[in-house]
file query-v4.cif (mmCIF, C-alpha atoms and all ligand atoms)
data_coords
#
loop_
_atom_site.label_atom_id
_atom_site.label_comp_id
_atom_site.auth_asym_id
_atom_site.auth_seq_id
_atom_site.Cartn_x
_atom_site.Cartn_y
_atom_site.Cartn_z
CA MET A 1 12.86 92.57 79.25
CA VAL A 2 11.60 89.18 78.07
CA LEU A 3 13.42 86.02 78.95
CA GLN A 4 13.33 83.61 76.06
CA THR A 5 11.99 80.47 77.63
CA VAL A 6 13.60 77.19 76.82
CA ARG A 7 11.63 74.69 74.81
CA PHE A 8 13.29 71.34 74.78
CA PRO A 9 12.38 70.42 71.17
CA MET A 10 14.22 73.63 70.21
CA LEU A 11 17.24 72.42 72.17
CA SER A 12 17.47 68.84 70.96
CA PRO A 13 21.03 67.68 70.11
CA SER A 14 20.58 68.44 66.42
CA SER A 15 18.99 71.89 66.84
CA SER A 16 21.35 73.08 69.58
CA ALA A 17 24.41 72.03 67.57
CA ASP A 18 24.91 75.61 66.33
CA ALA A 19 24.66 77.16 69.80
CA ALA A 20 27.36 78.43 72.14
CA VAL A 21 26.54 76.45 75.29
CA ILE A 22 27.73 77.88 78.62
CA VAL A 23 27.81 75.66 81.71
CA GLY A 24 27.66 77.69 84.95
CA GLY A 25 26.22 81.19 85.37
CA GLY A 26 28.72 82.64 87.86
CA PHE A 27 31.11 85.48 87.04
CA ALA A 28 32.85 83.66 84.18
CA GLY A 29 29.74 82.13 82.59
CA LEU A 30 27.41 85.12 82.91
CA PHE A 31 29.98 87.60 81.64
CA THR A 32 30.69 85.30 78.66
CA ALA A 33 26.98 85.18 77.81
CA LEU A 34 26.52 88.96 78.06
CA ALA A 35 29.70 89.75 76.08
CA LEU A 36 28.84 87.24 73.35
CA GLN A 37 25.30 88.57 73.07
CA ASN A 38 26.73 92.05 72.71
CA GLN A 39 29.43 91.17 70.18
CA CYS A 40 27.57 88.61 68.12
CA PRO A 41 23.89 89.56 67.95
CA GLY A 42 21.80 86.65 66.77
CA CYS A 43 24.24 83.99 67.99
CA PRO A 44 22.20 81.31 69.79
CA ILE A 45 23.40 81.18 73.41
CA VAL A 46 22.37 78.59 75.98
CA LEU A 47 23.24 79.17 79.65
CA ILE A 48 22.87 76.17 81.97
CA GLU A 49 22.74 77.13 85.65
CA PRO A 50 20.80 75.38 88.44
CA ARG A 51 20.43 78.37 90.80
CA ASP A 52 17.79 81.03 90.16
CA ARG A 53 20.03 83.89 91.34
CA PHE A 54 23.46 85.12 90.27
CA LEU A 55 25.62 85.56 93.37
CA PHE A 56 28.05 88.46 93.74
CA GLN A 57 30.26 86.72 96.31
CA PRO A 58 32.57 89.68 97.11
CA LEU A 59 29.53 91.43 98.63
CA LEU A 60 28.36 88.48 100.75
CA TYR A 61 29.75 90.17 103.90
CA GLU A 62 27.55 93.22 103.28
CA LEU A 63 24.54 90.91 102.91
CA LEU A 64 25.35 89.27 106.25
CA SER A 65 25.48 92.71 107.90
CA ASP A 66 22.35 94.02 106.10
CA GLU A 67 24.45 96.83 104.58
CA LEU A 68 23.16 95.57 101.21
CA GLN A 69 19.95 93.77 100.26
CA CYS A 70 19.50 90.36 98.65
CA TRP A 71 18.26 91.81 95.33
CA GLU A 72 21.51 93.79 95.06
CA VAL A 73 23.94 90.99 95.94
CA ALA A 74 21.99 88.15 94.31
CA PRO A 75 19.84 89.38 91.40
CA ARG A 76 17.60 86.81 89.69
CA TYR A 77 18.72 85.45 86.31
CA ALA A 78 15.25 86.27 85.01
CA GLU A 79 16.15 89.97 85.53
CA LEU A 80 19.63 89.70 84.01
CA LEU A 81 19.02 87.69 80.86
CA SER A 82 17.12 88.63 77.77
CA GLY A 83 16.96 88.30 74.01
CA THR A 84 18.94 85.48 72.49
CA ILE A 85 20.16 83.93 75.75
CA CYS A 86 18.25 80.78 76.69
CA TRP A 87 18.62 79.92 80.38
CA ILE A 88 18.11 76.29 81.37
CA GLN A 89 17.73 75.93 85.11
CA ASP A 90 19.43 72.56 85.45
CA ARG A 91 22.77 70.93 86.26
CA VAL A 92 25.14 69.28 83.78
CA THR A 93 25.94 65.75 84.91
CA ARG A 94 28.11 64.49 82.04
CA ILE A 95 30.07 65.89 79.11
CA ASP A 96 31.07 63.70 76.17
CA ARG A 97 33.75 65.46 74.16
CA SER A 98 33.93 62.76 71.48
CA THR A 99 30.27 63.24 70.44
CA LYS A 100 30.09 66.95 71.47
CA THR A 101 27.07 66.31 73.69
CA LEU A 102 26.28 66.96 77.33
CA THR A 103 23.66 65.47 79.62
CA LEU A 104 21.52 67.38 82.11
CA ALA A 105 20.22 66.09 85.47
CA SER A 106 16.79 65.98 83.82
CA GLY A 107 18.20 63.42 81.36
CA GLU A 108 17.98 65.78 78.35
CA GLN A 109 20.98 65.91 76.01
CA LEU A 110 22.39 68.93 74.15
CA SER A 111 25.02 69.43 71.48
CA TRP A 112 27.24 72.48 71.06
CA SER A 113 29.19 74.42 68.51
CA GLN A 114 31.31 76.00 71.25
CA LEU A 115 31.17 74.86 74.89
CA VAL A 116 32.15 77.13 77.78
CA LEU A 117 32.87 75.37 81.04
CA ALA A 118 32.55 77.82 83.95
CA THR A 119 31.45 75.67 86.89
CA GLY A 120 33.56 77.46 89.53
CA SER A 121 34.77 75.94 92.76
CA GLN A 122 33.52 74.49 96.04
CA SER A 123 34.77 74.24 99.59
CA ASN A 124 37.64 71.80 100.20
CA ASP A 125 37.78 70.12 103.61
CA PHE A 126 40.98 68.23 102.71
CA GLY A 127 39.37 65.10 104.19
CA ILE A 128 39.76 66.42 107.77
CA PRO A 129 37.35 64.45 110.00
CA GLY A 130 34.23 66.34 111.10
CA VAL A 131 34.68 69.46 108.93
CA LYS A 132 31.94 68.51 106.45
CA GLU A 133 29.44 67.56 109.18
CA HIS A 134 30.13 70.23 111.81
CA SER A 135 31.30 73.43 110.13
CA PHE A 136 29.64 76.47 108.61
CA GLY A 137 30.68 77.62 105.14
CA PHE A 138 30.64 81.12 103.69
CA ARG A 139 30.01 80.82 99.97
CA ASN A 140 26.26 81.14 99.30
CA LEU A 141 22.90 82.50 100.50
CA ASN A 142 22.18 79.40 102.56
CA ASP A 143 25.48 79.87 104.42
CA VAL A 144 24.49 83.48 105.22
CA SER A 145 21.12 82.34 106.66
CA ARG A 146 22.71 79.62 108.80
CA LEU A 147 25.34 82.03 110.11
CA ARG A 148 22.70 84.65 110.96
CA GLN A 149 20.84 82.06 113.03
CA ARG A 150 24.03 81.14 114.85
CA MET A 151 24.77 84.82 115.55
CA ASP A 152 21.28 85.21 117.04
CA ALA A 153 21.95 82.22 119.31
CA LEU A 154 25.34 83.61 120.35
CA ARG A 155 23.74 86.96 121.25
CA GLN A 156 21.48 85.10 123.72
CA GLN A 157 24.33 83.29 125.47
CA ARG A 158 26.27 84.30 128.59
CA PRO A 159 29.53 86.10 127.70
CA SER A 160 31.61 83.24 129.10
CA ASP A 161 30.20 80.63 126.71
CA ALA A 162 32.07 79.30 123.65
CA GLY A 163 33.02 81.65 120.82
CA LEU A 164 33.41 81.34 117.06
CA ILE A 165 36.41 79.79 115.29
CA ILE A 166 37.19 80.81 111.72
CA VAL A 167 39.61 78.49 109.92
CA GLY A 168 41.72 80.02 107.13
CA ALA A 169 43.19 83.53 107.21
CA GLY A 170 42.92 84.23 103.49
CA PRO A 171 40.71 87.14 102.35
CA THR A 172 37.41 85.40 103.19
CA GLY A 173 38.49 84.42 106.72
CA VAL A 174 39.93 87.85 107.54
CA GLU A 175 37.02 89.86 106.07
CA LEU A 176 34.47 87.62 107.78
CA ALA A 177 36.25 87.83 111.15
CA CYS A 178 36.16 91.65 111.08
CA LYS A 179 32.50 91.78 110.02
CA LEU A 180 31.40 89.21 112.61
CA ALA A 181 33.31 90.98 115.39
CA ASP A 182 31.49 94.23 114.60
CA LEU A 183 28.10 92.52 114.34
CA LEU A 184 28.46 90.47 117.53
CA GLU A 185 29.67 93.47 119.59
CA GLY A 186 31.41 91.28 122.16
CA ALA A 187 28.63 88.66 122.47
CA ALA A 188 31.18 85.97 121.52
CA SER A 189 34.95 85.74 121.19
CA LEU A 190 36.50 85.20 117.76
CA GLN A 191 39.53 83.09 116.92
CA LEU A 192 41.17 82.93 113.47
CA ILE A 193 43.28 79.84 112.79
CA GLU A 194 45.77 79.69 109.91
CA ARG A 195 48.15 76.88 109.02
CA GLY A 196 50.59 79.24 107.23
CA GLU A 197 53.06 81.63 108.81
CA GLU A 198 50.99 84.79 108.34
CA ILE A 199 47.53 86.07 107.43
CA LEU A 200 46.75 87.04 103.79
CA PRO A 201 49.86 85.47 102.24
CA GLY A 202 48.90 86.61 98.70
CA SER A 203 48.10 90.23 99.60
CA SER A 204 50.13 93.42 99.46
CA ALA A 205 52.07 94.40 102.59
CA PHE A 206 49.82 97.47 102.98
CA ASN A 207 46.59 95.44 102.96
CA ARG A 208 48.10 92.82 105.28
CA GLU A 209 49.18 95.46 107.81
CA ARG A 210 45.79 97.19 107.73
CA ALA A 211 44.02 93.86 108.15
CA GLN A 212 46.29 92.92 111.05
CA ALA A 213 45.47 96.22 112.76
CA ALA A 214 41.71 95.75 112.12
CA LEU A 215 41.79 92.27 113.68
CA GLU A 216 43.73 93.52 116.72
CA LYS A 217 41.33 96.43 117.20
CA ARG A 218 38.42 93.95 117.28
CA ALA A 219 40.21 91.56 119.69
CA VAL A 220 40.19 88.71 117.17
CA VAL A 221 42.76 86.12 118.37
CA VAL A 222 44.95 85.05 115.43
CA GLN A 223 46.80 81.75 115.65
CA CYS A 224 49.20 81.05 112.74
CA ASN A 225 51.30 77.91 112.07
CA THR A 226 48.37 75.87 113.40
CA ARG A 227 46.37 73.16 111.61
CA VAL A 228 42.91 71.85 112.49
CA LEU A 229 43.06 68.05 112.85
CA ASN A 230 39.52 67.16 113.88
CA VAL A 231 36.18 68.89 114.38
CA THR A 232 33.11 67.91 116.41
CA ASP A 233 29.93 69.95 116.98
CA THR A 234 31.51 71.56 120.06
CA THR A 235 35.31 71.14 119.77
CA ALA A 236 38.25 71.54 117.40
CA THR A 237 41.48 69.63 117.90
CA LEU A 238 44.55 71.61 116.78
CA SER A 239 48.04 70.56 115.71
CA ASN A 240 49.52 72.17 118.86
CA ASN A 241 47.61 69.58 120.95
CA GLN A 242 45.02 72.15 122.03
CA LYS A 243 41.36 71.07 122.12
CA VAL A 244 39.25 74.21 121.78
CA ILE A 245 35.55 74.41 122.65
CA HIS A 246 33.58 76.38 120.04
CA GLY A 247 30.11 77.77 119.55
CA GLY A 248 30.45 77.48 115.76
CA LEU A 249 33.36 76.75 113.40
CA ILE A 250 33.45 78.47 110.01
CA TRP A 251 35.56 76.79 107.34
CA THR A 252 37.16 79.16 104.79
CA ALA A 253 40.43 77.25 104.48
CA GLY A 254 40.33 75.98 100.94
CA SER A 255 38.50 75.42 97.70
CA LYS A 256 38.67 72.97 94.82
CA PRO A 257 37.35 73.23 91.26
CA THR A 258 33.92 71.81 90.42
CA ILE A 259 34.44 69.74 87.27
CA PRO A 260 31.50 67.73 85.86
CA THR A 261 32.26 64.17 84.72
CA MET A 262 33.93 64.44 81.32
CA THR A 263 34.96 61.82 78.77
CA PRO A 264 37.71 61.67 77.64
CA GLU A 265 39.03 63.16 80.90
CA PRO A 266 40.64 66.61 80.60
CA SER A 267 44.30 67.20 81.44
CA LEU A 268 44.69 68.94 84.79
CA ILE A 269 47.22 71.20 86.50
CA ASN A 270 46.88 71.11 90.31
CA GLY A 271 43.33 69.78 89.92
CA ARG A 272 42.24 72.59 87.55
CA ILE A 273 41.57 72.11 83.82
CA SER A 274 44.61 72.96 81.75
CA VAL A 275 43.92 75.60 79.08
CA ALA A 276 45.93 77.35 76.36
CA GLU A 277 46.51 81.12 76.36
CA ASP A 278 43.19 81.69 74.55
CA LEU A 279 41.36 79.74 77.34
CA ARG A 280 40.54 76.77 75.10
CA MET A 281 41.27 73.34 76.50
CA ASP A 282 44.67 72.09 75.43
CA CYS A 283 43.17 69.00 73.85
CA ASP A 284 39.86 70.32 72.49
CA ALA A 285 39.53 73.51 70.44
CA SER A 286 35.71 73.65 70.75
CA ILE A 287 35.78 73.91 74.57
CA PHE A 288 36.71 76.95 76.66
CA ALA A 289 37.30 76.50 80.40
CA LEU A 290 37.50 79.61 82.57
CA GLY A 291 37.21 81.10 86.04
CA ASP A 292 38.04 79.04 89.12
CA VAL A 293 37.78 75.79 87.16
CA SER A 294 40.87 76.27 84.95
CA THR A 295 44.48 77.34 84.89
CA SER A 296 47.30 77.51 82.36
CA GLU A 297 50.94 76.58 82.26
CA HIS A 298 51.48 79.85 80.38
CA ALA A 299 50.25 82.17 83.13
CA SER A 300 49.37 82.27 86.80
CA TRP A 301 45.82 83.59 87.29
CA PRO A 302 44.44 83.82 90.82
CA ALA A 303 41.03 82.19 91.44
CA SER A 304 39.12 85.45 91.73
CA ALA A 305 36.01 87.23 90.50
CA GLN A 306 38.25 89.77 88.81
CA VAL A 307 39.91 87.07 86.68
CA ALA A 308 36.61 85.26 86.02
CA MET A 309 34.88 88.46 84.79
CA GLN A 310 37.76 89.39 82.49
CA GLN A 311 37.98 85.84 81.16
CA GLY A 312 34.23 85.83 80.53
CA GLU A 313 34.45 89.04 78.51
CA ALA A 314 37.48 87.67 76.59
CA THR A 315 35.68 84.38 75.85
CA GLY A 316 32.61 86.20 74.55
CA ALA A 317 34.92 88.07 72.16
CA ALA A 318 36.79 84.86 71.26
CA ILE A 319 33.61 82.99 70.31
CA ALA A 320 32.41 85.98 68.29
CA ALA A 321 35.79 85.92 66.46
CA LEU A 322 35.52 82.16 65.77
CA ARG A 323 32.07 82.71 64.31
CA ARG A 324 33.62 85.26 61.93
CA ASN A 325 36.27 82.63 61.03
CA GLN A 326 38.95 84.61 62.88
CA SER A 327 41.37 83.28 65.49
CA PRO A 328 40.88 84.24 69.15
CA THR A 329 43.61 86.34 70.73
CA PRO A 330 45.45 85.20 73.90
CA PHE A 331 43.84 86.26 77.20
CA GLN A 332 45.75 88.89 79.14
CA PHE A 333 44.81 89.51 82.75
CA GLN A 334 44.79 93.16 83.84
CA ASP A 335 45.44 93.10 87.58
CA ARG A 336 43.39 95.95 89.06
CA GLY A 337 44.56 95.29 92.61
CA GLU A 338 42.85 94.04 95.74
CA MET A 339 40.08 95.43 97.95
CA LEU A 340 39.30 94.01 101.38
CA SER A 341 36.32 94.79 103.59
CA LEU A 342 37.48 95.15 107.21
CA GLY A 343 34.25 95.36 109.19
CA LEU A 344 31.36 97.83 109.26
CA GLY A 345 32.39 100.96 107.37
CA ASP A 346 36.06 100.00 107.04
CA ALA A 347 38.14 98.63 104.14
CA THR A 348 41.60 98.64 102.60
CA LEU A 349 42.58 98.68 98.96
CA THR A 350 45.67 98.72 96.76
CA GLY A 351 45.94 98.85 92.98
CA MET A 352 45.65 101.13 89.95
CA GLY A 353 48.14 103.46 91.67
CA ILE A 354 45.92 103.86 94.76
CA THR A 355 46.67 102.82 98.35
CA LEU A 356 43.84 103.65 100.69
CA ALA A 357 42.30 102.47 103.97
CA GLY A 358 39.41 103.49 106.24
CA PRO A 359 35.87 104.76 105.56
CA LEU A 360 36.76 106.26 102.16
CA ALA A 361 38.21 102.93 101.01
CA PHE A 362 35.02 101.23 102.23
CA GLN A 363 32.87 103.56 100.14
CA LEU A 364 35.12 103.22 97.09
CA ARG A 365 35.09 99.41 97.34
CA ARG A 366 31.31 99.31 97.54
CA ALA A 367 30.80 101.76 94.69
CA THR A 368 33.30 99.86 92.51
CA TYR A 369 31.50 96.55 93.05
CA LEU A 370 28.01 97.98 92.64
CA THR A 371 28.87 99.41 89.24
CA ARG A 372 30.31 96.01 88.25
CA LEU A 373 27.02 94.25 88.95
CA PRO A 374 25.93 92.63 85.68
CA GLY A 375 23.06 94.34 83.90
CA ARG A 376 23.74 98.07 83.81
CA SER A 377 20.32 99.16 85.07
CA LEU A 378 20.57 96.85 88.08
CA GLY A 379 24.01 98.18 88.98
CA LEU A 380 22.78 101.75 88.75
CA ARG A 381 19.60 100.99 90.68
CA SER A 382 21.70 99.38 93.36
CA ALA A 383 24.15 102.27 93.51
CA GLY A 384 21.13 104.61 93.73
CA ALA A 385 19.63 102.62 96.60
CA TRP A 386 22.94 102.84 98.42
CA LEU A 387 23.24 106.60 97.96
CA LEU A 388 19.66 107.15 99.12
CA SER A 389 20.23 105.07 102.23
CA ARG A 390 23.12 107.26 103.39
C1 LIG S 1 32.87 84.99 100.38
C2 LIG S 1 33.68 85.20 99.13
C3 LIG S 1 34.20 86.45 98.85
C4 LIG S 1 34.94 86.66 97.70
N1 LIG S 1 35.45 87.91 97.46
C5 LIG S 1 36.14 88.15 96.34
C6 LIG S 1 36.66 89.44 96.07
O1 LIG S 1 36.50 90.38 96.87
N2 LIG S 1 37.31 89.65 94.90
C7 LIG S 1 37.49 88.65 94.00
O2 LIG S 1 38.09 88.90 92.94
N3 LIG S 1 37.06 87.39 94.24
C8 LIG S 1 36.38 87.10 95.38
N4 LIG S 1 35.92 85.84 95.65
C9 LIG S 1 36.21 84.75 94.69
C10 LIG S 1 35.22 84.78 93.54
O3 LIG S 1 33.90 84.85 94.02
C11 LIG S 1 35.40 83.54 92.66
O4 LIG S 1 36.74 83.46 92.25
C12 LIG S 1 34.47 83.66 91.44
O5 LIG S 1 33.13 83.53 91.86
C13 LIG S 1 34.79 82.59 90.40
O6 LIG S 1 33.90 82.73 89.33
P1 LIG S 1 33.43 81.46 88.50
O7 LIG S 1 32.51 81.96 87.45
O8 LIG S 1 34.62 80.66 88.09
O9 LIG S 1 32.64 80.55 89.54
P2 LIG S 1 31.27 80.88 90.34
O10 LIG S 1 31.05 82.34 90.44
O11 LIG S 1 31.35 80.07 91.59
O12 LIG S 1 30.16 80.26 89.40
C14 LIG S 1 30.08 78.89 89.09
C15 LIG S 1 28.63 78.60 88.72
O13 LIG S 1 28.58 77.29 88.13
C16 LIG S 1 27.39 76.65 88.56
N5 LIG S 1 27.60 75.20 88.43
C17 LIG S 1 28.42 74.41 89.14
N6 LIG S 1 28.34 73.14 88.71
C18 LIG S 1 27.46 73.13 87.68
C19 LIG S 1 26.95 72.12 86.81
N7 LIG S 1 27.35 70.83 86.91
N8 LIG S 1 26.05 72.46 85.86
C20 LIG S 1 25.65 73.76 85.73
N9 LIG S 1 26.10 74.76 86.53
C21 LIG S 1 26.98 74.45 87.48
C22 LIG S 1 27.22 77.12 90.01
O14 LIG S 1 25.86 77.01 90.45
C23 LIG S 1 27.69 78.56 89.93
O15 LIG S 1 26.64 79.47 89.71
C24 LIG S 1 35.17 85.59 96.79
C25 LIG S 1 34.66 84.32 97.08
C26 LIG S 1 33.92 84.12 98.23
C27 LIG S 1 33.37 82.74 98.53
#

call {"tool": "encode", "arguments": {"input": "query-v4.cif", "output": "structure tokens"}}
result
Amino acid sequence: MVLQTVRFPMLSPSSSADAAVIVGGGFAGLFTALALQNQCPGCPIVLIEPRDRFLFQPLLYELLSDELQCWEVAPRYAELLSGTICWIQDRVTRIDRSTKTLTLASGEQLSWSQLVLATGSQSNDFGIPGVKEHSFGFRNLNDVSRLRQRMDALRQQRPSDAGLIIVGAGPTGVELACKLADLLEGAASLQLIERGEEILPGSSAFNRERAQAALEKRAVVVQCNTRVLNVTDTTATLSNNQKVIHGGLIWTAGSKPTIPTMTPEPSLINGRISVAEDLRMDCDASIFALGDVSTSEHASWPASAQVAMQQGEATGAAIAALRRNQSPTPFQFQDRGEMLSLGLGDATLTGMGITLAGPLAFQLRRATYLTRLPGRSLGLRSAGAWLLSR
């Protein structure tokens, strides 16, 4: 597999003007590139992504626990991309819709025929004092390394010392709490703080009940209807006037879209770029916006990998259609349900007519994700490695 290296003369504004340019190589961007390459052979495709590895975030818990390896959860772009896809390892700093050009951090400028904006989302601290400076995140490989180091330190401490606080009882907070409880084996207490009335507000009743039971079994203390007001390196002040001492606070309580500077500014709905049913920006037919970065007044799509992958595949097909002078069809999300990891060897899932929990659900979840890894040979290699390790 040969990666076509980028030569900047080849990608000057005039020569890139015929290309489909994709900004962001996460689920939405990478799946767009692969689908377009498949459906429109010969179409020049440029993928701009600063990281050197694609990150399969739903499997980040299994990376933390060493149940999966880095090459499986975060394969290198150099292994995933080939043929007509040019990968530029850089960041887009500015997009000018009026001249159809974008600027990279390196200062280079590119033009596009179609632009796909798939820059995802980032953690949102809602401006709460101390969160940015004193909390751990759980979104990328660096977060996993930092958390591993903290777990090692907690294993050395006396049992009575401070425990971990996880803020936000959405899927990430709940899944992480269960995994950490199993990994720490009582070396530190775990507290899960949620400002809403219950954990997993968007999940099915079955998954919520199973998750509740998994947290109870692991002695994770869940505190709902509670907001974090202030964080220092050793304490968290809560809305119920409690000041809790912690040995690490992990923030999973919110995210916000990552939108590069764009002129003219795009129209937004709740901070996300507003798109039509075919995922093109309401005000600009040459730009698609998909994944966590966009939403539509015509439909309510959750910010999830499942949506981003399907939108990527739909956008690849839409650009191929445009290049055949056909109109793109509206995007229709196929909800395949929800799978939650609930600690080592445990999971719960609902969807596609299945309701399942326990070790079998854990194995099904892992197998489902491994076969969804982009690049068929990588997915199969990964599934093979998993089977051999059992
Ligand atoms: C721990 C965790 C677990 C999750 N588990 C699940 C799950 O089980 N199921 C599920 O459906 N969803 C899950 N999600 C959510 C899912 O990962 C996201 O919804 C999904 O990644 C969104 O895809 P995306 O392509 O929009 O963004 P991303 O996958 O975040 O990709 C965005 C990409 O854009 C790049 N980028 C950003 N800015 C620029 C720029 N200026 N120039 C160039 N590139 C840029 C970034 O480097 C990144 O690679 C999970 C999320 C987390 C954090």

call {"tool": "closest_residue", "arguments": {"input": "query-v4.cif", "among": "A:Ile48, A:Leu200, A:Leu268, A:Val116", "to": "ligand LIG 1 (chain S)", "atoms": "only C-alpha atoms and all ligand atoms"}}
result
A:Ile48

call {"tool": "atom_distance", "arguments": {"input": "query-v4.cif", "atom1": "CA of Ala314 (chain A)", "atom2": "CA of Ser123 (chain A)"}}
result
26.8 Å

call {"tool": "closest_residue", "arguments": {"input": "query-v4.cif", "among": "A:Gly312, A:Pro44, A:Pro264, A:Gly202", "to": "Thr84 (chain A)", "atoms": "all atoms listed in the file"}}
result
A:Pro44

call {"tool": "atom_distance", "arguments": {"input": "query-v4.cif", "atom1": "atom C25 of ligand LIG 1 (chain S)", "atom2": "CA of Pro328 (chain A)"}}
result
28.6 Å

call {"tool": "atom_distance", "arguments": {"input": "query-v4.cif", "atom1": "atom C11 of ligand LIG 1 (chain S)", "atom2": "CA of Gly163 (chain A)"}}
result
28.3 Å

call {"tool": "closest_residue", "arguments": {"input": "query-v4.cif", "among": "A:Asp182, A:Asp18, A:Asp152, A:Asp125", "to": "Gly343 (chain A)", "atoms": "only C-alpha atoms"}}
result
A:Asp182

call {"tool": "closest_residue", "arguments": {"input": "query-v4.cif", "among": "A:Leu356, A:Leu104, A:Ala169, A:Ile287", "to": "Arg91 (chain A)", "atoms": "all atoms listed in the file"}}
result
A:Leu104

call {"tool": "closest_residue", "arguments": {"input": "query-v4.cif", "among": "A:Leu349, A:Ala303, A:Leu360, A:Ala320", "to": "Gln39 (chain A)", "atoms": "only C-alpha atoms"}}
result
A:Ala320

call {"tool": "residues_around", "arguments": {"input": "query-v4.cif", "residues": "region 128-133 of chain A", "least_positions_apart": "5", "cutoff": "9 Å", "atoms": "only C-alpha atoms", "output": "ChimeraX atom specification"}}
result
/A:228-233,249,251

call {"tool": "closest_residue", "arguments": {"input": "query-v4.cif", "among": "A:Ser145, A:Thr103, A:Gln57, A:Gln89", "to": "Thr261 (chain A)", "atoms": "all atoms listed in the file"}}
result
A:Thr103

call {"tool": "residues_near_point", "arguments": {"input": "query-v4.cif", "point": "(29.1, 72.8, 69.7)", "cutoff": "7 Å", "atoms": "only C-alpha atoms", "output": "ChimeraX atom specification"}}
result
/A:17-20,100,111-115,286

call {"tool": "residues_near_point", "arguments": {"input": "query-v4.cif", "point": "(27.5, 82.5, 101.7)", "cutoff": "12 Å", "atoms": "all atoms listed in the file", "output": "PyMOL selection string"}}
result
chain A and resi 55-64+70+73-74+122-123+136-148+172+176+250-252

call {"tool": "residues_around", "arguments": {"input": "query-v4.cif", "residues": "Asn225 (chain A)", "least_positions_apart": "5", "cutoff": "9 Å", "atoms": "only C-alpha atoms", "output": "list in words"}}
result
Ile193, Glu194, Arg195, Gly196, Glu197, Glu198 and Ser239 of chain A

call {"tool": "write_last_selection", "arguments": {"input": "query-v4.cif", "atoms": "C-alpha atoms", "output": "PDB file, in the coordinates of the input"}}
result
ATOM      1  CA  ILE A 193      43.280  79.840 112.790  1.00  0.00           C
ATOM      2  CA  GLU A 194      45.770  79.690 109.910  1.00  0.00           C
ATOM      3  CA  ARG A 195      48.150  76.880 109.020  1.00  0.00           C
ATOM      4  CA  GLY A 196      50.590  79.240 107.230  1.00  0.00           C
ATOM      5  CA  GLU A 197      53.060  81.630 108.810  1.00  0.00           C
ATOM      6  CA  GLU A 198      50.990  84.790 108.340  1.00  0.00           C
ATOM      7  CA  SER A 239      48.040  70.560 115.710  1.00  0.00           C
TER       8      SER A 239
END

call {"tool": "build_atoms", "arguments": {"input": "query-v4.cif", "residues": "region 31-42 of chain A", "atoms": "N, CA and C atoms", "output": "PDB file, in the frame of the given file"}}
result
ATOM      1  N   PHE A  31      29.306  86.555  82.409  1.00  0.00           N
ATOM      2  CA  PHE A  31      29.980  87.600  81.640  1.00  0.00           C
ATOM      3  C   PHE A  31      30.306  87.134  80.217  1.00  0.00           C
ATOM      4  N   THR A  32      30.521  85.822  80.030  1.00  0.00           N
ATOM      5  CA  THR A  32      30.690  85.300  78.660  1.00  0.00           C
ATOM      6  C   THR A  32      29.396  85.501  77.880  1.00  0.00           C
ATOM      7  N   ALA A  33      28.270  85.095  78.507  1.00  0.00           N
ATOM      8  CA  ALA A  33      26.980  85.180  77.810  1.00  0.00           C
ATOM      9  C   ALA A  33      26.667  86.617  77.411  1.00  0.00           C
ATOM     10  N   LEU A  34      26.867  87.559  78.346  1.00  0.00           N
ATOM     11  CA  LEU A  34      26.520  88.960  78.060  1.00  0.00           C
ATOM     12  C   LEU A  34      27.451  89.559  77.004  1.00  0.00           C
ATOM     13  N   ALA A  35      28.746  89.210  77.070  1.00  0.00           N
ATOM     14  CA  ALA A  35      29.700  89.750  76.080  1.00  0.00           C
ATOM     15  C   ALA A  35      29.420  89.173  74.693  1.00  0.00           C
ATOM     16  N   LEU A  36      29.097  87.881  74.645  1.00  0.00           N
ATOM     17  CA  LEU A  36      28.840  87.240  73.350  1.00  0.00           C
ATOM     18  C   LEU A  36      27.553  87.808  72.731  1.00  0.00           C
ATOM     19  N   GLN A  37      26.554  87.994  73.562  1.00  0.00           N
ATOM     20  CA  GLN A  37      25.300  88.570  73.070  1.00  0.00           C
ATOM     21  C   GLN A  37      25.537  89.955  72.483  1.00  0.00           C
ATOM     22  N   ASN A  38      26.418  90.694  73.157  1.00  0.00           N
ATOM     23  CA  ASN A  38      26.730  92.050  72.710  1.00  0.00           C
ATOM     24  C   ASN A  38      27.537  92.059  71.411  1.00  0.00           C
ATOM     25  N   GLN A  39      28.501  91.148  71.320  1.00  0.00           N
ATOM     26  CA  GLN A  39      29.430  91.170  70.180  1.00  0.00           C
ATOM     27  C   GLN A  39      28.958  90.373  68.985  1.00  0.00           C
ATOM     28  N   CYS A  40      28.019  89.461  69.217  1.00  0.00           N
ATOM     29  CA  CYS A  40      27.570  88.610  68.120  1.00  0.00           C
ATOM     30  C   CYS A  40      26.052  88.491  68.163  1.00  0.00           C
ATOM     31  N   PRO A  41      25.350  89.600  67.861  1.00  0.00           N
ATOM     32  CA  PRO A  41      23.890  89.560  67.950  1.00  0.00           C
ATOM     33  C   PRO A  41      23.331  88.454  67.051  1.00  0.00           C
ATOM     34  N   GLY A  42      22.391  87.730  67.574  1.00  0.00           N
ATOM     35  CA  GLY A  42      21.800  86.650  66.770  1.00  0.00           C
ATOM     36  C   GLY A  42      22.432  85.299  67.038  1.00  0.00           C
TER      37      GLY A  42
END
